[in-house]
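As provided, target21.txt (compact mmCIF, C-alpha atoms) reads as follows.
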# COMPACT_ATOMS: atom_id res chain seq x y z
CA MET A 28 24.43 12.41 -2.96
CA PRO A 29 27.97 13.48 -2.02
CA ALA A 30 30.61 12.00 -4.27
CA ALA A 31 33.15 9.54 -2.90
CA VAL A 32 36.35 11.11 -1.60
CA SER A 33 39.84 9.70 -1.35
CA LEU A 34 40.64 7.38 1.53
CA PRO A 35 42.27 8.95 4.59
CA THR A 36 45.82 7.96 5.36
CA PRO A 37 45.72 5.64 8.39
CA GLY A 38 47.84 6.80 11.29
CA LEU A 39 49.58 4.76 13.95
CA GLY A 40 47.11 2.46 15.68
CA THR A 41 44.40 2.88 13.09
CA ARG A 42 42.71 0.21 11.03
CA THR A 43 40.81 0.63 7.77
CA THR A 44 37.96 -1.82 7.24
CA ALA A 45 35.61 -2.42 4.33
CA THR A 46 32.19 -2.73 5.96
CA HIS A 47 28.56 -1.61 5.67
CA CYS A 48 26.41 1.22 6.98
CA PRO A 49 24.60 -0.13 10.08
CA TYR A 50 21.20 1.44 9.48
CA CYS A 51 18.67 0.45 6.83
CA SER A 52 18.35 -2.66 4.70
CA LEU A 53 20.41 -1.24 1.85
CA GLN A 54 23.56 -2.00 3.85
CA CYS A 55 25.49 0.53 1.77
CA GLY A 56 29.17 -0.23 1.40
CA VAL A 57 31.58 2.00 3.32
CA THR A 58 35.25 1.99 4.22
CA MET A 59 35.79 2.90 7.88
CA THR A 60 39.06 4.09 9.39
CA ALA A 61 39.11 3.97 13.17
CA GLY A 62 41.58 3.83 16.05
CA ASP A 63 42.78 7.41 15.99
CA ARG A 64 40.02 9.93 16.56
CA PRO A 65 37.87 11.06 14.99
CA ALA A 66 36.93 7.94 13.06
CA THR A 67 36.22 8.58 9.39
CA LEU A 68 34.50 6.81 6.54
CA VAL A 69 34.05 7.09 2.81
CA PRO A 70 31.31 5.44 0.72
CA ALA A 71 32.26 2.44 -1.38
CA ASP A 72 31.30 1.63 -4.94
CA PHE A 73 28.85 -1.01 -3.68
CA PRO A 74 25.92 -2.31 -5.78
CA THR A 75 23.22 -0.69 -3.64
CA ASN A 76 24.75 2.75 -3.08
CA ARG A 77 27.32 3.07 -5.90
CA GLY A 78 29.47 5.56 -4.04
CA GLY A 79 26.69 7.51 -2.30
CA LEU A 80 25.39 7.69 1.28
CA CYS A 81 22.53 9.37 3.06
CA SER A 82 22.96 11.60 6.12
CA LYS A 83 22.68 8.64 8.49
CA GLY A 84 25.54 6.85 6.79
CA TRP A 85 27.77 9.92 6.64
CA SER A 86 27.26 10.60 10.36
CA ALA A 87 27.63 6.99 11.55
CA PRO A 88 31.19 7.44 12.96
CA GLU A 89 29.98 10.23 15.26
CA LEU A 90 28.32 7.63 17.50
CA LEU A 91 31.70 6.16 18.41
CA ASP A 92 32.65 9.25 20.41
CA HIS A 93 29.22 10.48 21.48
CA PRO A 94 29.36 11.64 25.12
CA GLU A 95 26.34 9.49 26.04
CA ARG A 96 27.74 6.29 24.55
CA LEU A 97 28.20 3.54 27.16
CA THR A 98 31.65 2.00 27.20
CA ARG A 99 31.39 0.09 30.48
CA PRO A 100 28.50 -1.90 31.99
CA LEU A 101 26.23 -0.23 34.53
CA VAL A 102 24.75 -2.07 37.51
CA ARG A 103 22.52 -1.04 40.38
CA ALA A 104 24.49 0.18 43.37
CA ASP A 105 22.30 -2.04 45.55
CA PRO A 106 21.37 -5.24 43.65
CA THR A 107 18.30 -5.73 45.87
CA ASP A 108 16.93 -2.23 45.17
CA ARG A 109 15.82 -1.51 41.60
CA THR A 110 15.54 2.20 42.42
CA SER A 111 19.17 2.53 43.45
CA PRO A 112 21.43 4.48 41.08
CA LEU A 113 23.33 2.88 38.22
CA VAL A 114 27.08 2.78 38.69
CA GLU A 115 29.93 1.65 36.46
CA SER A 116 31.15 -1.88 37.00
CA SER A 117 33.43 -4.50 35.52
CA TRP A 118 32.17 -6.99 32.92
CA GLU A 119 32.83 -9.84 35.37
CA VAL A 120 30.55 -8.36 38.03
CA ALA A 121 27.84 -7.38 35.54
CA LEU A 122 27.76 -10.77 33.80
CA ASP A 123 27.76 -12.63 37.13
CA ARG A 124 24.67 -10.65 38.14
CA VAL A 125 22.95 -11.53 34.86
CA VAL A 126 23.72 -15.22 35.25
CA ALA A 127 22.53 -15.24 38.86
CA ALA A 128 19.25 -13.51 37.92
CA ILE A 129 18.61 -15.92 35.02
CA ARG A 130 19.24 -18.96 37.19
CA ALA A 131 17.04 -17.71 40.02
CA THR A 132 14.19 -16.74 37.68
CA GLN A 133 14.19 -20.04 35.81
CA ARG A 134 14.47 -22.01 39.03
CA ASP A 135 11.48 -20.27 40.57
CA HIS A 136 9.26 -19.72 37.51
CA GLY A 137 10.37 -22.06 34.74
CA ARG A 138 12.64 -21.73 31.74
CA ASP A 139 10.19 -19.62 29.69
CA ALA A 140 10.15 -16.98 32.42
CA VAL A 141 13.36 -15.62 30.88
CA GLY A 142 12.98 -14.01 27.47
CA CYS A 143 15.43 -12.74 24.88
CA PHE A 144 14.85 -9.72 22.68
CA GLY A 145 17.16 -8.98 19.75
CA GLY A 146 17.30 -6.30 17.11
CA GLY A 147 17.42 -6.09 13.35
CA GLY A 148 20.67 -4.16 13.59
CA LEU A 149 22.58 -7.24 14.71
CA THR A 150 24.72 -8.94 12.10
CA ASN A 151 23.53 -12.27 10.71
CA GLU A 152 26.18 -14.06 12.75
CA GLN A 153 25.19 -12.29 15.96
CA ALA A 154 21.50 -12.99 15.36
CA TYR A 155 22.19 -16.67 14.72
CA GLN A 156 24.31 -16.96 17.86
CA PHE A 157 21.69 -15.09 19.88
CA GLY A 158 19.02 -17.55 18.78
CA LYS A 159 21.18 -20.53 19.68
CA PHE A 160 21.93 -19.00 23.08
CA ALA A 161 18.21 -18.75 23.79
CA ARG A 162 17.31 -22.22 22.49
CA VAL A 163 20.35 -24.21 23.62
CA ALA A 164 21.86 -22.41 26.59
CA LEU A 165 18.74 -20.98 28.22
CA ARG A 166 16.32 -23.49 26.70
CA THR A 167 13.60 -20.85 26.51
CA SER A 168 11.01 -20.45 23.77
CA ALA A 169 10.56 -16.76 24.65
CA ILE A 170 12.67 -15.08 21.98
CA ASP A 171 11.65 -12.18 19.80
CA TYR A 172 13.03 -9.07 18.14
CA ASN A 173 12.03 -5.61 17.02
CA GLY A 174 10.62 -6.85 13.72
CA ARG A 175 7.67 -8.67 15.26
CA PHE A 176 5.43 -5.85 14.12
CA CYS A 177 7.71 -4.87 11.27
CA MET A 178 8.35 -7.05 8.21
CA SER A 179 7.36 -10.32 9.90
CA SER A 180 3.91 -9.86 8.32
CA ALA A 181 5.55 -9.91 4.89
CA ALA A 182 7.58 -12.96 5.91
CA GLY A 183 4.46 -14.82 6.98
CA ALA A 184 2.64 -14.00 3.76
CA ALA A 185 5.63 -14.93 1.62
CA ILE A 186 6.05 -18.26 3.37
CA ARG A 187 2.36 -18.97 2.89
CA ALA A 188 2.48 -18.05 -0.79
CA PHE A 189 5.92 -19.23 -1.88
CA GLY A 190 7.05 -21.59 0.86
CA LEU A 191 9.97 -19.36 1.80
CA ASP A 192 10.73 -15.75 2.64
CA ARG A 193 13.17 -14.02 0.33
CA GLY A 194 12.36 -10.38 1.12
CA LEU A 195 13.35 -8.55 -2.03
CA PRO A 196 14.01 -11.48 -4.39
CA PHE A 197 15.61 -9.38 -7.12
CA PRO A 198 18.34 -6.70 -7.20
CA LEU A 199 17.53 -3.03 -6.84
CA ALA A 200 18.75 -2.58 -10.40
CA ASP A 201 15.58 -4.32 -11.60
CA ILE A 202 13.55 -1.35 -10.34
CA ALA A 203 15.38 0.91 -12.79
CA GLU A 204 14.49 -1.43 -15.66
CA ALA A 205 10.82 -1.95 -14.72
CA ASP A 206 8.08 -0.38 -16.84
CA VAL A 207 5.65 -0.21 -13.90
CA VAL A 208 6.36 -0.13 -10.16
CA VAL A 209 3.57 -0.09 -7.57
CA LEU A 210 5.01 0.92 -4.19
CA VAL A 211 2.68 0.28 -1.25
CA GLY A 212 3.31 1.96 2.09
CA SER A 213 6.93 3.02 1.64
CA ASN A 214 8.78 6.32 1.48
CA PRO A 215 12.36 5.47 0.42
CA ALA A 216 13.08 9.09 -0.49
CA ASP A 217 13.27 9.78 3.24
CA THR A 218 14.02 6.36 4.76
CA MET A 219 16.65 5.02 2.36
CA PRO A 220 17.68 7.82 -0.03
CA PRO A 221 20.44 5.89 -1.86
CA ALA A 222 17.75 3.55 -3.22
CA MET A 223 16.07 6.42 -5.02
CA GLN A 224 18.71 6.44 -7.75
CA TRP A 225 17.09 3.26 -9.09
CA PHE A 226 13.61 4.80 -9.00
CA ASP A 227 14.91 7.99 -10.60
CA ALA A 228 16.57 6.01 -13.39
CA GLY A 229 13.31 4.18 -14.08
CA ARG A 230 11.26 7.35 -14.31
CA ALA A 231 13.92 8.93 -16.54
CA ARG A 232 13.38 6.18 -19.09
CA GLY A 233 9.59 6.61 -18.93
CA ALA A 234 8.53 4.10 -16.28
CA GLU A 235 5.17 4.55 -14.57
CA HIS A 236 5.53 4.64 -10.78
CA ILE A 237 2.41 4.37 -8.64
CA VAL A 238 2.78 5.14 -4.93
CA ILE A 239 0.07 4.03 -2.50
CA ASP A 240 0.29 5.96 0.76
CA PRO A 241 -2.21 8.04 2.79
CA ARG A 242 0.50 10.69 3.14
CA ARG A 243 1.87 12.88 0.38
CA THR A 244 5.47 11.88 0.96
CA ASN A 245 8.56 12.98 -0.96
CA THR A 246 8.40 9.65 -2.79
CA ALA A 247 4.76 10.18 -3.70
CA ARG A 248 5.43 13.69 -5.02
CA ASN A 249 7.68 12.27 -7.73
CA ALA A 250 5.35 9.41 -8.69
CA THR A 251 3.32 9.21 -11.88
CA LEU A 252 0.23 8.47 -9.81
CA HIS A 253 -0.37 8.77 -6.06
CA LEU A 254 -3.21 6.75 -4.52
CA GLN A 255 -4.19 7.97 -1.04
CA PRO A 256 -6.28 5.27 0.67
CA LEU A 257 -7.77 5.88 4.07
CA PRO A 258 -5.58 4.40 6.82
CA ALA A 259 -6.06 0.66 7.44
CA THR A 260 -7.83 0.06 4.10
CA ASP A 261 -4.86 -1.47 2.24
CA LEU A 262 -6.42 -4.95 2.32
CA ALA A 263 -9.66 -3.77 0.74
CA LEU A 264 -7.69 -1.85 -1.86
CA ALA A 265 -5.62 -4.88 -2.91
CA ASN A 266 -8.70 -7.10 -3.08
CA GLY A 267 -10.47 -4.45 -5.12
CA LEU A 268 -7.63 -4.32 -7.65
CA LEU A 269 -7.77 -8.09 -8.08
CA HIS A 270 -11.55 -7.88 -8.51
CA ILE A 271 -11.03 -5.46 -11.41
CA ALA A 272 -8.34 -7.69 -12.92
CA LEU A 273 -10.77 -10.60 -12.89
CA ALA A 274 -13.67 -8.56 -14.29
CA GLU A 275 -11.55 -7.12 -17.10
CA GLY A 276 -9.96 -10.41 -18.12
CA LEU A 277 -6.47 -9.27 -17.11
CA VAL A 278 -5.62 -12.37 -15.07
CA ASP A 279 -2.97 -14.62 -16.60
CA GLU A 280 -5.13 -17.73 -16.53
CA ALA A 281 -2.45 -20.01 -18.00
CA TYR A 282 0.08 -18.88 -15.37
CA VAL A 283 -2.45 -19.31 -12.56
CA ALA A 284 -3.42 -22.80 -13.72
CA ALA A 285 0.15 -23.99 -14.19
CA ARG A 286 1.94 -22.31 -11.31
CA THR A 287 -0.48 -21.65 -8.45
CA THR A 288 -3.05 -23.38 -6.28
CA GLY A 289 -6.08 -22.01 -4.43
CA PHE A 290 -7.27 -19.53 -7.04
CA ASP A 291 -10.93 -20.53 -6.82
CA ALA A 292 -10.96 -19.54 -3.15
CA VAL A 293 -9.24 -16.25 -3.92
CA ARG A 294 -11.72 -15.51 -6.73
CA ALA A 295 -14.60 -16.06 -4.31
CA GLY A 296 -12.89 -14.01 -1.61
CA VAL A 297 -12.62 -10.87 -3.73
CA ALA A 298 -16.05 -11.18 -5.35
CA ASP A 299 -17.59 -8.60 -3.00
CA TYR A 300 -14.90 -5.98 -3.62
CA TRP A 301 -16.50 -4.32 -6.62
CA PRO A 302 -15.00 -0.93 -7.60
CA ASP A 303 -17.68 1.40 -6.27
CA ARG A 304 -17.62 -0.32 -2.89
CA VAL A 305 -13.81 -0.18 -2.73
CA GLU A 306 -13.92 3.52 -3.53
CA ARG A 307 -16.28 4.06 -0.60
CA LEU A 308 -14.09 1.95 1.71
CA THR A 309 -10.73 3.39 0.72
CA GLY A 310 -11.44 6.83 -0.68
CA VAL A 311 -9.51 5.96 -3.85
CA PRO A 312 -11.44 6.87 -7.03
CA VAL A 313 -12.45 4.02 -9.32
CA GLU A 314 -10.55 5.64 -12.18
CA GLN A 315 -7.30 5.37 -10.21
CA LEU A 316 -8.03 1.76 -9.24
CA ARG A 317 -8.53 0.82 -12.87
CA ARG A 318 -5.48 2.71 -14.05
CA THR A 319 -3.31 0.88 -11.51
CA VAL A 320 -4.52 -2.58 -12.52
CA PHE A 321 -4.23 -1.96 -16.25
CA ALA A 322 -0.72 -0.53 -15.81
CA LEU A 323 0.46 -3.59 -13.89
CA ALA A 324 -1.18 -6.03 -16.29
CA ARG A 325 0.10 -4.37 -19.47
CA GLY A 326 3.63 -3.55 -18.34
CA ARG A 327 6.28 -5.76 -19.91
CA ARG A 328 8.15 -5.61 -16.61
CA SER A 329 5.92 -4.91 -13.59
CA ILE A 330 6.85 -4.92 -9.91
CA VAL A 331 4.72 -4.75 -6.76
CA LEU A 332 6.57 -3.64 -3.63
CA THR A 333 5.00 -3.65 -0.17
CA ALA A 334 6.47 -2.18 3.01
CA ARG A 335 5.70 -1.23 6.59
CA GLY A 336 2.74 0.99 5.75
CA ALA A 337 0.79 -1.98 4.41
CA GLU A 338 2.23 -4.57 6.79
CA GLN A 339 2.01 -2.93 10.22
CA HIS A 340 -1.63 -3.73 10.84
CA ARG A 341 -3.47 -6.30 12.89
CA SER A 342 -4.22 -7.90 9.51
CA GLY A 343 -0.73 -7.30 8.13
CA VAL A 344 -0.18 -10.88 6.95
CA ASP A 345 -3.55 -10.87 5.19
CA THR A 346 -2.85 -7.50 3.59
CA THR A 347 0.53 -8.57 2.23
CA GLN A 348 -1.01 -11.83 1.04
CA ALA A 349 -3.59 -9.83 -0.91
CA TRP A 350 -0.87 -7.92 -2.77
CA ILE A 351 0.93 -11.20 -3.47
CA ASN A 352 -2.37 -12.60 -4.76
CA LEU A 353 -2.59 -9.70 -7.21
CA ALA A 354 0.98 -10.19 -8.39
CA LEU A 355 0.49 -13.94 -8.88
CA ALA A 356 -2.84 -13.48 -10.65
CA LEU A 357 -1.12 -11.17 -13.15
CA GLY A 358 1.71 -13.67 -13.61
CA LEU A 359 4.45 -11.38 -12.32
CA PRO A 360 6.65 -13.56 -10.04
CA GLY A 361 9.09 -15.57 -12.11
CA ARG A 362 8.82 -13.27 -15.13
CA GLU A 363 12.01 -11.46 -16.08
CA GLY A 364 12.20 -8.05 -14.43
CA SER A 365 8.83 -8.52 -12.69
CA GLY A 366 7.51 -9.82 -9.40
CA TRP A 367 6.65 -9.00 -5.81
CA GLY A 368 8.98 -8.02 -3.01
CA THR A 369 9.00 -6.31 0.36
CA VAL A 370 11.13 -3.26 1.12
CA THR A 371 12.81 -4.41 4.32
CA GLY A 372 13.74 -2.02 7.10
CA GLN A 373 17.01 -3.55 8.32
CA GLY A 374 19.33 -5.83 6.41
CA PRO A 375 20.08 -8.63 8.92
CA ALA A 376 16.56 -8.70 10.33
CA ARG A 377 15.31 -11.73 8.44
CA ILE A 378 17.50 -14.26 10.21
CA HIS A 379 15.70 -13.33 13.42
CA LEU A 380 12.50 -14.65 11.91
CA PHE A 381 13.99 -18.11 11.63
CA GLU A 382 14.79 -17.98 15.35
CA ALA A 383 11.76 -16.09 16.62
CA LYS A 384 8.85 -16.77 14.28
CA ARG A 385 5.47 -17.20 15.96
CA LEU A 386 3.02 -16.21 13.23
CA ARG A 387 -0.68 -16.52 13.78
CA ARG A 388 -3.17 -18.30 11.55
CA SER A 389 -5.22 -16.14 9.24
CA SER A 390 -8.50 -16.28 7.35
CA GLN A 391 -7.35 -14.45 4.22
CA CYS A 392 -7.58 -16.58 1.10
CA GLY A 393 -4.23 -16.92 -0.57
CA LEU A 394 -2.71 -18.16 -3.79
CA ARG A 395 0.23 -20.49 -3.38
CA SER A 396 2.96 -20.69 -5.95
CA ARG A 397 3.79 -24.22 -7.09

Conversion result in structure tokens:
Amino acid sequence: MPAAVSLPTPGLGTRTTATHCPYCSLQCGVTMTAGDRPATLVPADFPTNRGGLCSKGWSAPELLDHPERLTRPLVRADPTDRTSPLVESSWEVALDRVVAAIRATQRDHGRDAVGCFGGGGLTNEQAYQFGKFARVALRTSAIDYNGRFCMSSAAGAAIRAFGLDRGLPFPLADIAEADVVVLVGSNPADTMPPAMQWFDAGRARGAEHIVIDPRRTNTARNATLHLQPLPATDLALANGLLHIALAEGLVDEAYVAARTTGFDAVRAGVADYWPDRVERLTGVPVEQLRRTVFALARGRRSIVLTARGAEQHRSGVDTTQAWINLALALGLPGREGSGWGTVTGQGPARIHLFEAKRLRRSSQCGLRSR
């Protein structure tokens, strides 16, 4: 990563602000100087990026002056003709048109005929206000955001298992100190490069990293072991790993008895996922299945991380729940330096779930932490 450089000297009319990169969930710290053009930034010594940025962060100021950036609202030249060209307008005219359309639609078709769609790139404060606008001002239940088929599956599974959704419930620094990390369906080497410093530090001290991904990604190339399941077989794979843990006596029975409920149902649910069958379903050799389970169970500090590759399925909640089941059965959550977490895509996205959550019921058996 490029090293931090000295701050630019602000000119007349400029303002320097300590803020964050707007892209992925790392929310890397940056210091932005804007007003005079071009705007500039330098990375900050922030806990997640420690003075580094990826190409997206370094190029973020370029969007401010991009020739296609909209700086004024556009409205249809003829408001009754949706094929008429878009023309620049004032905010007063544009907002009046929005208000008129909302009122007419709700009057004719009911309040839920108007929906709101947010994005994970909004700040927490913006997301909260957006939700209140939908619920209180518009009184509509139709609110959603771009994470519906993103990490909401992980949120649903976490709420079912733990009673709350905490995303990644430990700092990235824990990854560097873990003895074993199983990364399911994520490629941070390409999607959030500053995070790789923590993975690199772990491998440098001898940690065993196991990447589960059908593709041979840049992250997988550096792993100790790369499992390549057939697409859409992540649920069978997780259940198969728990089956092996049960058969080999690797389950932390005292932890399960004292800190979870529902284990009998989970035990019955994975009974049919014997290793040879899981190999046929997933394409992952039995030897690799066993090595993964034994590594997790025997590591002093073991972490299971799931991400979009395992979650973006029709059965995404079930699949994430199965990986949580494995982590709980091995007694990882609550143990120092160990646990389960999800690698989120965008930092502020989770507050949208509190405003927009509509998660379906599921048949997957699940452990619940006390």

- Between A:Gly366, A:Gly289, A:Pro94, A:Gly372, which is the closest to Asn214 in chain A once you count only C-alpha atoms?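 Checking each candidate against Asn214 in chain A, we get A:Gly372 as the closest.
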
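The nearest approach to Asn352 in chain A among the residues A:Glu338, A:Leu262, A:Arg325, A:Gly310, with all atoms listed in the file taken into account, belongs to A:Leu262.
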
- Polymer residues at most 8 Å from Glu89 in chain A, all atoms listed in the file, same-chain spacing of 4 or more positions, as a list in words: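 The residues satisfying every condition are Pro65, Ala66 and His93 of chain A.
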
- Message: So that I can see what lies close to Ala265 in chain A, please list as a ChimeraX atom specification the residues with an atom at most 9 Å from it, counting only C-alpha atoms and leaving out residues fewer than 5 positions away in the same chain.
- Response: /A:260,270,346-347,349-350,352-353

- Closest to Gly148 in chain A among A:Ala121, A:Cys51, A:Leu254, A:Ala295, using only C-alpha atoms?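 For Gly148 in chain A, the nearest of the candidates is A:Cys51.
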
- Message: Taking 3 positions as the minimum chain separation for residues in the same chain, which residues sit within 10 Å of Val278 in chain A when counting only C-alpha atoms? Answer as an MDAnalysis selection string.
- Response: chainID A and resid 269:275 281:283 324 353:358

Those residues with C-alpha atoms, as an mmCIF file, in the frame of the given file please?
data_model
loop_
_atom_site.group_PDB
_atom_site.id
_atom_site.type_symbol
_atom_site.label_atom_id
_atom_site.label_comp_id
_atom_site.auth_asym_id
_atom_site.auth_seq_id
_atom_site.Cartn_x
_atom_site.Cartn_y
_atom_site.Cartn_z
ATOM 1 C CA LEU A 269 -7.770 -8.090 -8.080
ATOM 2 C CA HIS A 270 -11.550 -7.880 -8.510
ATOM 3 C CA ILE A 271 -11.030 -5.460 -11.410
ATOM 4 C CA ALA A 272 -8.340 -7.690 -12.920
ATOM 5 C CA LEU A 273 -10.770 -10.600 -12.890
ATOM 6 C CA ALA A 274 -13.670 -8.560 -14.290
ATOM 7 C CA GLU A 275 -11.550 -7.120 -17.100
ATOM 8 C CA ALA A 281 -2.450 -20.010 -18.000
ATOM 9 C CA TYR A 282 0.080 -18.880 -15.370
ATOM 10 C CA VAL A 283 -2.450 -19.310 -12.560
ATOM 11 C CA ALA A 324 -1.180 -6.030 -16.290
ATOM 12 C CA LEU A 353 -2.590 -9.700 -7.210
ATOM 13 C CA ALA A 354 0.980 -10.190 -8.390
ATOM 14 C CA LEU A 355 0.490 -13.940 -8.880
ATOM 15 C CA ALA A 356 -2.840 -13.480 -10.650
ATOM 16 C CA LEU A 357 -1.120 -11.170 -13.150
ATOM 17 C CA GLY A 358 1.710 -13.670 -13.610
#
